[in-house]
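Shown here: upload.txt, compact mmCIF, C-alpha atoms.
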```txt
# COMPACT_ATOMS: atom_id res chain seq x y z
CA MET A 1 83.10 -161.76 67.09
CA ILE A 2 80.95 -163.01 69.97
CA LEU A 3 78.57 -165.80 69.05
CA LYS A 4 75.06 -164.99 70.27
CA LYS A 5 73.13 -167.73 71.97
CA VAL A 6 70.15 -167.94 74.27
CA LEU A 7 71.50 -168.59 77.76
CA VAL A 8 68.26 -169.77 79.40
CA PRO A 9 65.91 -171.08 76.68
CA GLU A 10 63.02 -171.68 79.07
CA ARG A 11 63.08 -167.99 80.05
CA VAL A 12 63.07 -166.31 76.62
CA ARG A 13 60.85 -163.26 77.02
CA SER A 14 57.77 -162.57 74.95
CA THR A 15 55.11 -159.88 74.96
CA GLY A 16 52.31 -162.37 75.68
CA ASN A 17 48.97 -160.58 76.03
CA SER A 18 50.56 -157.26 76.95
CA PHE A 19 52.78 -154.91 75.02
CA CYS A 20 55.98 -153.09 75.90
CA PHE A 21 58.61 -151.74 73.55
CA ILE A 22 61.63 -149.45 73.70
CA SER A 23 63.51 -148.82 70.48
CA HIS A 24 67.19 -149.75 70.42
CA ARG A 25 67.75 -146.12 69.34
CA PHE A 26 66.86 -145.13 72.91
CA LEU A 27 70.28 -146.47 73.89
CA THR A 28 72.35 -145.96 70.75
CA ASP A 29 71.21 -142.40 69.94
CA GLY A 30 71.80 -141.06 73.46
CA PHE A 31 68.25 -140.77 74.78
CA LEU A 32 69.02 -142.96 77.81
CA GLN A 33 72.02 -140.88 78.76
CA SER A 34 70.06 -137.63 78.37
CA LEU A 35 67.52 -138.45 81.09
CA THR A 36 67.75 -137.88 84.83
CA ARG A 37 66.84 -140.79 87.09
CA HIS A 38 63.36 -139.31 87.71
CA GLU A 39 62.77 -138.80 83.99
CA LEU A 40 63.96 -142.33 83.26
CA ALA A 41 61.73 -143.82 85.97
CA LEU A 42 58.69 -142.00 84.61
CA TYR A 43 59.50 -142.85 80.99
CA ILE A 44 59.97 -146.56 81.76
CA PHE A 45 56.76 -146.58 83.83
CA LEU A 46 54.79 -145.04 80.96
CA VAL A 47 56.28 -147.49 78.46
CA LEU A 48 55.31 -150.39 80.72
CA ALA A 49 51.83 -149.00 81.42
CA SER A 50 50.92 -148.06 77.86
CA ASP A 51 49.07 -149.98 75.18
CA LYS A 52 50.35 -150.72 71.66
CA ASP A 53 49.74 -147.07 70.69
CA GLY A 54 51.67 -145.75 73.68
CA ILE A 55 48.53 -144.61 75.53
CA SER A 56 48.30 -144.80 79.33
CA PHE A 57 45.38 -143.88 81.58
CA TYR A 58 47.32 -143.73 84.86
CA GLY A 59 46.87 -140.49 86.79
CA ASP A 60 49.58 -138.22 88.15
CA LYS A 61 49.02 -139.06 91.82
CA THR A 62 49.02 -142.81 91.16
CA ILE A 63 52.19 -142.65 89.07
CA SER A 64 54.10 -140.46 91.52
CA SER A 65 53.04 -142.76 94.36
CA ILE A 66 54.10 -145.93 92.53
CA LEU A 67 57.46 -144.35 91.62
CA GLY A 68 57.95 -142.94 95.11
CA LEU A 69 58.48 -139.43 93.74
CA LYS A 70 57.61 -136.20 95.49
CA GLU A 71 54.94 -134.24 93.65
CA ALA A 72 57.41 -131.53 92.58
CA ASP A 73 59.99 -134.07 91.33
CA TYR A 74 57.29 -135.94 89.40
CA ALA A 75 55.92 -132.73 87.84
CA PHE A 76 59.41 -131.63 86.81
CA ALA A 77 60.24 -135.04 85.28
CA LYS A 78 56.95 -135.01 83.36
CA SER A 79 57.57 -131.49 82.01
CA CYS A 80 61.13 -132.47 80.98
CA LEU A 81 59.90 -135.55 79.07
CA ILE A 82 57.32 -133.39 77.30
CA HIS A 83 59.99 -130.78 76.47
CA LYS A 84 62.30 -133.54 75.17
CA ASP A 85 59.43 -134.65 72.87
CA LEU A 86 59.27 -138.16 74.35
CA ILE A 87 55.71 -137.99 75.72
CA VAL A 88 52.56 -135.89 75.51
CA HIS A 89 49.93 -135.43 78.21
CA ASP A 90 46.50 -133.89 77.73
CA GLY A 91 45.61 -133.76 81.42
CA THR A 92 44.03 -137.21 81.35
CA LEU A 93 45.95 -139.41 78.94
CA PHE A 94 49.65 -139.91 78.36
CA GLN A 95 51.11 -140.98 75.05
CA VAL A 96 54.64 -142.28 74.70
CA LEU A 97 55.78 -140.92 71.34
CA SER A 98 58.04 -142.45 68.74
CA LEU A 99 61.56 -141.21 69.31
CA PRO A 100 62.35 -137.83 67.74
CA THR A 101 65.11 -137.60 65.16
CA HIS A 102 67.60 -136.31 67.73
CA VAL A 103 68.04 -135.95 71.48
CA HIS A 104 66.62 -132.70 72.88
CA LYS A 105 69.05 -131.17 75.36
CA SER A 106 67.68 -129.86 78.66
```

Representation of the structure as structure tokens:
Amino acid sequence: MILKKVLVPERVRSTGNSFCFISHRFLTDGFLQSLTRHELALYIFLVLASDKDGISFYGDKTISSILGLKEADYAFAKSCLIHKDLIVHDGTLFQVLSLPTHVHKS
């Protein structure tokens, strides 16, 4: 068994005044492996940009510009994440959802 230890104590991360969280299930239950690179980039962006309830106010054009995605690639990634039940979008707000019980296949 590997003994866990903090390697750089002065650099232990904390949430500070902001909030960001990805469940360990994202890795262990296959969600990470189920996403394309564009879907993963968008998902991580929304996780980083959202508040404690998973809500983000960033607009489509801003997000696609920050991620360096073509409009069509961005739109497809967004629709895939919605289909996979990882996010919702009402036209103005995004919400990163709690992980569903199982991975939705494309």

Which residue is closest to Thr92 (chain A)? Choose from A:Val12, A:Met1, A:Ile55, A:Ile22 and count all atoms listed in the file.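 Looking at the shortest contact to Thr92 (chain A), the residue is A:Ile55.
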
Work out how far CA of Gly59 (chain A) is from CA of Gln33 (chain A), in Å to one decimal.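 The value is 26.4 Å.
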
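Across A:Leu67, A:Gly54, A:Asp73, A:Ser79, the tightest approach to Leu93 (chain A) is made by A:Gly54 when counting all atoms listed in the file.
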
Using all atoms listed in the file, the residue out of A:Phe21, A:Phe31, A:Phe57, A:Tyr74 with shortest distance to Asp90 (chain A) is A:Phe57

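The two atoms in question, CA of Ser56 (chain A) and CA of Phe94 (chain A), are spaced 5.2 Å apart.
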
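Proximity to Leu35 (chain A) at 10 Å, evaluated using all atoms listed in the file and with sequence-adjacent residues fewer than 6 positions away removed, yields Ala41, Tyr43, Ala77, Cys80, Leu81, Lys84, Val103, Lys105 and Ser106 of chain A.
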
Nearby residues (only C-alpha atoms) at most 12 Å from Pro100 (chain A), same-chain spacing under 3 positions excluded, as a ChimeraX atom specification: /A:23,25-26,29-31,81-87,96-97,103-104

Only C-alpha atoms, please: the residues just picked out, written as a PDB file, in the coordinates of the input.
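Output file out-v9.pdb follows:
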```
ATOM      1  CA  SER A  23      63.510-148.820  70.480  1.00  0.00           C
ATOM      2  CA  ARG A  25      67.750-146.120  69.340  1.00  0.00           C
ATOM      3  CA  PHE A  26      66.860-145.130  72.910  1.00  0.00           C
ATOM      4  CA  ASP A  29      71.210-142.400  69.940  1.00  0.00           C
ATOM      5  CA  GLY A  30      71.800-141.060  73.460  1.00  0.00           C
ATOM      6  CA  PHE A  31      68.250-140.770  74.780  1.00  0.00           C
ATOM      7  CA  LEU A  81      59.900-135.550  79.070  1.00  0.00           C
ATOM      8  CA  ILE A  82      57.320-133.390  77.300  1.00  0.00           C
ATOM      9  CA  HIS A  83      59.990-130.780  76.470  1.00  0.00           C
ATOM     10  CA  LYS A  84      62.300-133.540  75.170  1.00  0.00           C
ATOM     11  CA  ASP A  85      59.430-134.650  72.870  1.00  0.00           C
ATOM     12  CA  LEU A  86      59.270-138.160  74.350  1.00  0.00           C
ATOM     13  CA  ILE A  87      55.710-137.990  75.720  1.00  0.00           C
ATOM     14  CA  VAL A  96      54.640-142.280  74.700  1.00  0.00           C
ATOM     15  CA  LEU A  97      55.780-140.920  71.340  1.00  0.00           C
ATOM     16  CA  VAL A 103      68.040-135.950  71.480  1.00  0.00           C
ATOM     17  CA  HIS A 104      66.620-132.700  72.880  1.00  0.00           C
TER      18      HIS A 104
END
```

Hey, which of A:Thr36, A:Thr28, A:Phe19, A:Lys5 ends up closest to His102 (chain A)? Count only C-alpha atoms. A:Thr28

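Closest approach to Asn17 (chain A) from the set A:Leu40, A:Lys4, A:Leu46, A:Asp51 is made by A:Asp51, with distances taken over all atoms listed in the file.
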
For region 53-82 of chain A, supply N, CA and C atoms and format the output as a PDB file, keeping the file's coordinate frame.
```pdb
ATOM      1  N   ASP A  53      49.635-148.412  71.268  1.00  0.00           N
ATOM      2  CA  ASP A  53      49.740-147.070  70.690  1.00  0.00           C
ATOM      3  C   ASP A  53      50.465-146.101  71.610  1.00  0.00           C
ATOM      4  N   GLY A  54      50.953-146.595  72.745  1.00  0.00           N
ATOM      5  CA  GLY A  54      51.670-145.750  73.680  1.00  0.00           C
ATOM      6  C   GLY A  54      50.774-144.990  74.637  1.00  0.00           C
ATOM      7  N   ILE A  55      49.501-145.335  74.712  1.00  0.00           N
ATOM      8  CA  ILE A  55      48.530-144.610  75.530  1.00  0.00           C
ATOM      9  C   ILE A  55      48.432-145.238  76.917  1.00  0.00           C
ATOM     10  N   SER A  56      48.450-144.368  77.941  1.00  0.00           N
ATOM     11  CA  SER A  56      48.300-144.800  79.330  1.00  0.00           C
ATOM     12  C   SER A  56      47.258-143.934  80.011  1.00  0.00           C
ATOM     13  N   PHE A  57      46.440-144.570  80.851  1.00  0.00           N
ATOM     14  CA  PHE A  57      45.380-143.880  81.580  1.00  0.00           C
ATOM     15  C   PHE A  57      45.752-143.594  83.027  1.00  0.00           C
ATOM     16  N   TYR A  58      46.929-143.958  83.469  1.00  0.00           N
ATOM     17  CA  TYR A  58      47.320-143.730  84.860  1.00  0.00           C
ATOM     18  C   TYR A  58      47.337-142.238  85.171  1.00  0.00           C
ATOM     19  N   GLY A  59      46.890-141.877  86.370  1.00  0.00           N
ATOM     20  CA  GLY A  59      46.870-140.490  86.790  1.00  0.00           C
ATOM     21  C   GLY A  59      48.158-140.079  87.471  1.00  0.00           C
ATOM     22  N   ASP A  60      48.364-138.766  87.569  1.00  0.00           N
ATOM     23  CA  ASP A  60      49.580-138.220  88.150  1.00  0.00           C
ATOM     24  C   ASP A  60      49.837-138.709  89.572  1.00  0.00           C
ATOM     25  N   LYS A  61      48.826-138.663  90.424  1.00  0.00           N
ATOM     26  CA  LYS A  61      49.020-139.060  91.820  1.00  0.00           C
ATOM     27  C   LYS A  61      49.372-140.536  91.929  1.00  0.00           C
ATOM     28  N   THR A  62      48.731-141.372  91.131  1.00  0.00           N
ATOM     29  CA  THR A  62      49.020-142.810  91.160  1.00  0.00           C
ATOM     30  C   THR A  62      50.448-143.072  90.699  1.00  0.00           C
ATOM     31  N   ILE A  63      50.843-142.434  89.600  1.00  0.00           N
ATOM     32  CA  ILE A  63      52.190-142.650  89.070  1.00  0.00           C
ATOM     33  C   ILE A  63      53.253-142.177  90.064  1.00  0.00           C
ATOM     34  N   SER A  64      53.086-140.974  90.593  1.00  0.00           N
ATOM     35  CA  SER A  64      54.100-140.460  91.520  1.00  0.00           C
ATOM     36  C   SER A  64      54.182-141.325  92.770  1.00  0.00           C
ATOM     37  N   SER A  65      53.039-141.874  93.206  1.00  0.00           N
ATOM     38  CA  SER A  65      53.040-142.760  94.360  1.00  0.00           C
ATOM     39  C   SER A  65      53.763-144.073  94.057  1.00  0.00           C
ATOM     40  N   ILE A  66      53.462-144.666  92.923  1.00  0.00           N
ATOM     41  CA  ILE A  66      54.100-145.930  92.530  1.00  0.00           C
ATOM     42  C   ILE A  66      55.615-145.740  92.396  1.00  0.00           C
ATOM     43  N   LEU A  67      56.027-144.616  91.832  1.00  0.00           N
ATOM     44  CA  LEU A  67      57.460-144.350  91.620  1.00  0.00           C
ATOM     45  C   LEU A  67      58.145-143.821  92.869  1.00  0.00           C
ATOM     46  N   GLY A  68      57.366-143.473  93.883  1.00  0.00           N
ATOM     47  CA  GLY A  68      57.950-142.940  95.110  1.00  0.00           C
ATOM     48  C   GLY A  68      58.565-141.564  94.923  1.00  0.00           C
ATOM     49  N   LEU A  69      57.970-140.773  94.023  1.00  0.00           N
ATOM     50  CA  LEU A  69      58.480-139.430  93.740  1.00  0.00           C
ATOM     51  C   LEU A  69      57.650-138.385  94.455  1.00  0.00           C
ATOM     52  N   LYS A  70      58.313-137.355  94.950  1.00  0.00           N
ATOM     53  CA  LYS A  70      57.610-136.200  95.490  1.00  0.00           C
ATOM     54  C   LYS A  70      56.866-135.531  94.343  1.00  0.00           C
ATOM     55  N   GLU A  71      55.767-134.878  94.673  1.00  0.00           N
ATOM     56  CA  GLU A  71      54.940-134.240  93.650  1.00  0.00           C
ATOM     57  C   GLU A  71      55.742-133.301  92.758  1.00  0.00           C
ATOM     58  N   ALA A  72      56.611-132.487  93.353  1.00  0.00           N
ATOM     59  CA  ALA A  72      57.410-131.530  92.580  1.00  0.00           C
ATOM     60  C   ALA A  72      58.401-132.246  91.659  1.00  0.00           C
ATOM     61  N   ASP A  73      59.034-133.315  92.148  1.00  0.00           N
ATOM     62  CA  ASP A  73      59.990-134.070  91.330  1.00  0.00           C
ATOM     63  C   ASP A  73      59.272-134.752  90.157  1.00  0.00           C
ATOM     64  N   TYR A  74      58.096-135.289  90.442  1.00  0.00           N
ATOM     65  CA  TYR A  74      57.290-135.940  89.400  1.00  0.00           C
ATOM     66  C   TYR A  74      56.888-134.909  88.336  1.00  0.00           C
ATOM     67  N   ALA A  75      56.366-133.763  88.770  1.00  0.00           N
ATOM     68  CA  ALA A  75      55.920-132.730  87.840  1.00  0.00           C
ATOM     69  C   ALA A  75      57.074-132.241  86.965  1.00  0.00           C
ATOM     70  N   PHE A  76      58.254-132.085  87.571  1.00  0.00           N
ATOM     71  CA  PHE A  76      59.410-131.630  86.810  1.00  0.00           C
ATOM     72  C   PHE A  76      59.842-132.693  85.790  1.00  0.00           C
ATOM     73  N   ALA A  77      59.870-133.954  86.197  1.00  0.00           N
ATOM     74  CA  ALA A  77      60.240-135.040  85.280  1.00  0.00           C
ATOM     75  C   ALA A  77      59.261-135.104  84.115  1.00  0.00           C
ATOM     76  N   LYS A  78      57.975-134.970  84.412  1.00  0.00           N
ATOM     77  CA  LYS A  78      56.950-135.010  83.360  1.00  0.00           C
ATOM     78  C   LYS A  78      57.163-133.851  82.382  1.00  0.00           C
ATOM     79  N   SER A  79      57.383-132.642  82.900  1.00  0.00           N
ATOM     80  CA  SER A  79      57.570-131.490  82.010  1.00  0.00           C
ATOM     81  C   SER A  79      58.843-131.644  81.168  1.00  0.00           C
ATOM     82  N   CYS A  80      59.889-132.242  81.732  1.00  0.00           N
ATOM     83  CA  CYS A  80      61.130-132.470  80.980  1.00  0.00           C
ATOM     84  C   CYS A  80      60.909-133.477  79.848  1.00  0.00           C
ATOM     85  N   LEU A  81      60.176-134.558  80.115  1.00  0.00           N
ATOM     86  CA  LEU A  81      59.900-135.550  79.070  1.00  0.00           C
ATOM     87  C   LEU A  81      59.054-134.949  77.958  1.00  0.00           C
ATOM     88  N   ILE A  82      58.123-134.070  78.318  1.00  0.00           N
ATOM     89  CA  ILE A  82      57.320-133.390  77.300  1.00  0.00           C
ATOM     90  C   ILE A  82      58.216-132.467  76.482  1.00  0.00           C
TER      91      ILE A  82
END
```
